[in-house]
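These notes concern the structure reproduced below.
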Amino acid sequence: MPTWNDSTHFCNWTGVICGLRHKRVVTLNLWSGGFSGSVSPAVGNLSFLRELFLHNNSFTGSVPHEVGKLSRLRRLGLSNNSLSGEITSNISQCLNLLELDLSGNDFIGVIPNEFEELNKLLFINLHSNNLTGEIPKFIGNFTFLQFISGLGNNLQGNIPDTLGHLSNMWFFGFASNNLSGILPPSFFNISSLTNIDLPNNQIGGTLPADIAIRFPGLKSLNLPINKLTGPIPVSLSNASNLKLLVLNENAFTGSVPSFDRLERLTRFAVNENQLGNGKSDDLDFVSSLANCSKLSILGFSANNLGGWHDSGFNWESKKCRCNVSQRKFVIRPYTVFIGESLSTE
């Protein structure tokens with residue numbers, strides 16, 4: 001940093017904030033500063049530090065163990081670097097930590113068991129690393145937790161049933177891992193959840209019929225490329241806050257519910273399931289989508305939907321990207337012939 005020199009007090013350096021009373025560094029914000037090399041172990045000497053932001057740089061190597069000396073640390077952000085090795089368990093000594101962002105690096109190994117001590121955490125972001133192992137059961141003890149993401153790792157095993165204790169969590173996302181088993185019953189007790197993001201795993205089981213009642217503020221249900229079965233819950237037609245409903249490439253069966261109340265819906269995809277029974281009323285749900293004025297992506301191809309339908313859906317005016325290829329139906333006013341798909345940009 002050009003301003004970091006002895007001619008200027010360090011409290012006036014770019015990215016440095018000091019406490020008014022003791023003139024000790026409380027925030028070190030080097031976000032997008034163009035830094036490279038390793039993170040200096042000397043950071044552990046900043047004993048009054050509450051916020052350490054090193055996002056969007058080119059730091060390499062491991063996180064120094066000395067970070068564990070920062071007993072006052074509240075927010076640790078190391079995302080979008082090239083940090084590697086196992087996540088140092090010494091971070092668990094930062095008992096006042098509220099936010100932990102290690103995303104976009106090359107960390108390997110498991111989530112340290114010692115992190116069980118970090119029960120004040122509100123925000124955990126571990127996405128886009130090379131982490132293995134399972135989602136730890138102790139996460140269920142983080143009763144203040146609001147957001148957790150582990151997208152794009154190599155995590156496996158079941159989603160722990162301890163998560164039902166997380167009454168403040170609104171985002172749960174572990175897309176593109178190797179999670180299996182079912183969504184445990186306790187998961188559906190987290191009434192605060194608004195965003196569920198679990199695509200591209202191996203999760204099976206069924207969705208509860210009253211899912212929209214259990215998640216009254218649900219905005220995003222993103223579960224494609226899994227092994228879910230059973231019907232699409234009819235209660236989702238009452239999820240008035242829902243913006244994204246993506247359930248493609250599963251094994252859902254039965255009819256597709258009406259969604260005429262989902263005025264906020266922008267993405268709807270149920271293609272590549274086992275929906276419908278080849279009868280003429282399979283497409284009754286299509287007309288309900290006419291009320292979804294914000295819909296931009298629609299997909300229901302590769303099912304067993306039969307018949308034809310006068311949808312009243314003005315595809316062109318909605319500029320909707322649609323994947324509705326099907327062998328057994330015709331949609332009016334735009335005709336979809338056998339083997340073709342409708343796509344308007």
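Chain identifiers are assigned as A, B, and so on, following the order in which chains appear in the structure tokens; residues are numbered from 1 within each chain, and ligands are numbered from 1 in order of appearance.
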Residues within 9 Å of Val270 (chain A), only C-alpha atoms, excluding chain neighbours under 2 positions, as a PyMOL selection string: chain A and resi 224+245-250+252+256+268+272-273+275+298-301+303
Contacts of region 148-163 of chain A at 9 Å (only C-alpha atoms; same-chain gap of 5+ positions) as number ranges by chain: A: 103, 110, 122-142, 169-187, 189-190, 197-198, 201, 203
Per-residue DSSP, region 43-177 of chain A, filtered to strand (DSSP E or B), as a PyMOL selection string: chain A and resi 51-53+58-61+75-77+82-86+99-101+106-109+123-125+130-131+147-149+156-158+171-173
Can I get the selected residues back with C-alpha atoms, as an mmCIF file, in the first residue's frame?
data_model
loop_
_atom_site.group_PDB
_atom_site.id
_atom_site.type_symbol
_atom_site.label_atom_id
_atom_site.label_comp_id
_atom_site.auth_asym_id
_atom_site.auth_seq_id
_atom_site.Cartn_x
_atom_site.Cartn_y
_atom_site.Cartn_z
ATOM 1 C CA GLU A 51 -12.449 -7.424 11.634
ATOM 2 C CA LEU A 52 -9.966 -8.949 9.177
ATOM 3 C CA PHE A 53 -10.934 -8.675 5.512
ATOM 4 C CA SER A 58 -3.917 -13.454 -4.480
ATOM 5 C CA PHE A 59 -2.782 -14.731 -1.109
ATOM 6 C CA THR A 60 -1.311 -18.233 -1.153
ATOM 7 C CA GLY A 61 -0.220 -20.807 1.380
ATOM 8 C CA ARG A 75 -15.451 -11.117 11.296
ATOM 9 C CA LEU A 76 -12.887 -13.111 9.284
ATOM 10 C CA GLY A 77 -13.068 -12.818 5.504
ATOM 11 C CA SER A 82 -5.524 -19.063 -3.482
ATOM 12 C CA LEU A 83 -5.136 -20.198 0.104
ATOM 13 C CA SER A 84 -4.566 -23.911 0.496
ATOM 14 C CA GLY A 85 -3.954 -26.722 2.933
ATOM 15 C CA GLU A 86 -6.289 -27.741 5.725
ATOM 16 C CA GLU A 99 -18.767 -14.284 10.454
ATOM 17 C CA LEU A 100 -16.424 -16.759 8.768
ATOM 18 C CA ASP A 101 -15.868 -16.566 5.005
ATOM 19 C CA ASP A 106 -8.204 -24.329 -2.330
ATOM 20 C CA PHE A 107 -8.722 -25.616 1.183
ATOM 21 C CA ILE A 108 -8.726 -29.381 1.617
ATOM 22 C CA GLY A 109 -9.621 -31.795 4.383
ATOM 23 C CA PHE A 123 -22.565 -16.543 8.863
ATOM 24 C CA ILE A 124 -20.474 -19.412 7.438
ATOM 25 C CA ASN A 125 -19.315 -19.472 3.818
ATOM 26 C CA ASN A 130 -12.009 -28.932 -1.988
ATOM 27 C CA LEU A 131 -13.370 -29.887 1.407
ATOM 28 C CA PHE A 147 -26.490 -18.409 6.674
ATOM 29 C CA ILE A 148 -24.377 -21.412 5.707
ATOM 30 C CA SER A 149 -23.021 -22.295 2.256
ATOM 31 C CA GLN A 156 -20.686 -36.424 1.437
ATOM 32 C CA GLY A 157 -22.996 -38.269 3.787
ATOM 33 C CA ASN A 158 -26.351 -37.247 5.189
ATOM 34 C CA PHE A 171 -30.137 -19.769 3.877
ATOM 35 C CA PHE A 172 -28.962 -23.376 3.657
ATOM 36 C CA GLY A 173 -26.889 -24.210 0.591
#
One-decimal distance in Å that lies between CA of Leu118 (chain A) and CA of Thr88 (chain A):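 Distance reported for this atom pair: 13.5 Å.
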Neighbour list for Ser92 (chain A) as a list of chain:residue names, cut-off 9 Å, only C-alpha atoms, skip fewer than 3 positions in-chain: A:Gly68, A:Thr88, A:Ser89, A:Leu95, A:Leu97, A:Pro112, A:Glu114, A:Phe115, A:Glu116, A:Glu117, A:Leu118
List as CSV every residue of region 167-220 of chain A that is in contact with region 227-239 of chain A, defined as an atom at most 9 Å from one of its atoms (using only C-alpha atoms), together with the nearest atom pair and the distance in Å rounded to one decimal, sorted by chain and then rising number.
residue,atom,partner,partner_atom,distance
A:Ser180,CA,A:Lys227,CA,8.9
A:Ile182,CA,A:Leu228,CA,8.5
A:Asn201,CA,A:Lys227,CA,8.2
A:Gln202,CA,A:Lys227,CA,5.7
A:Ile203,CA,A:Lys227,CA,5.4
A:Gly204,CA,A:Leu228,CA,4.3
A:Gly205,CA,A:Leu228,CA,5.2
A:Thr206,CA,A:Thr229,CA,5.2
A:Leu207,CA,A:Pro233,CA,6.8
A:Pro208,CA,A:Pro233,CA,6.8
A:Ala209,CA,A:Pro233,CA,4.8
A:Asp210,CA,A:Ser235,CA,5.7
A:Ile211,CA,A:Ser235,CA,6.6
A:Ala212,CA,A:Leu236,CA,5.3
A:Ile213,CA,A:Ser235,CA,7.3
A:Phe215,CA,A:Ala239,CA,8.5
A:Pro216,CA,A:Ala239,CA,6.9
A:Gly217,CA,A:Ala239,CA,7.5
A:Leu218,CA,A:Ala239,CA,6.6
A:Lys219,CA,A:Ala239,CA,8.0
Residue nearest Asn241 (chain A) among A:Ser255, A:Asp6, A:Ser62, A:Thr194 (counting only C-alpha atoms): A:Thr194
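Across A:Ser220, A:Asn56, A:Thr266, A:Asn195, the tightest approach to Ile297 (chain A) is made by A:Thr266 when counting only C-alpha atoms.
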CA of Asn90 (chain A) to CA of Ser47 (chain A), straight-line distance in Å: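 Separation of CA of Ser47 (chain A) and CA of Asn90 (chain A): 15.0 Å.
Within region 148-333 of chain A, DSSP run on the backbone puts these residues in alpha helix (DSSP H): Ile211, Ala212, Ile213, Arg214, Asp284, Phe285, Val286, Ser287, Ser288, Trp315, Glu316, Ser317 and Lys318 of chain A.
Here CA of His65 (chain A) stands at a distance of 8.3 Å from CA of Gly44 (chain A).
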Spatial neighbours of region 15-27 of chain A, max dist 7 Å, only C-alpha atoms, sep filter under 2 positions, as a list in words: Cys11, Asn12, Trp13, Asn29, Leu30, Leu46, Phe48, Leu49, Arg50, Glu51 and Leu52 of chain A
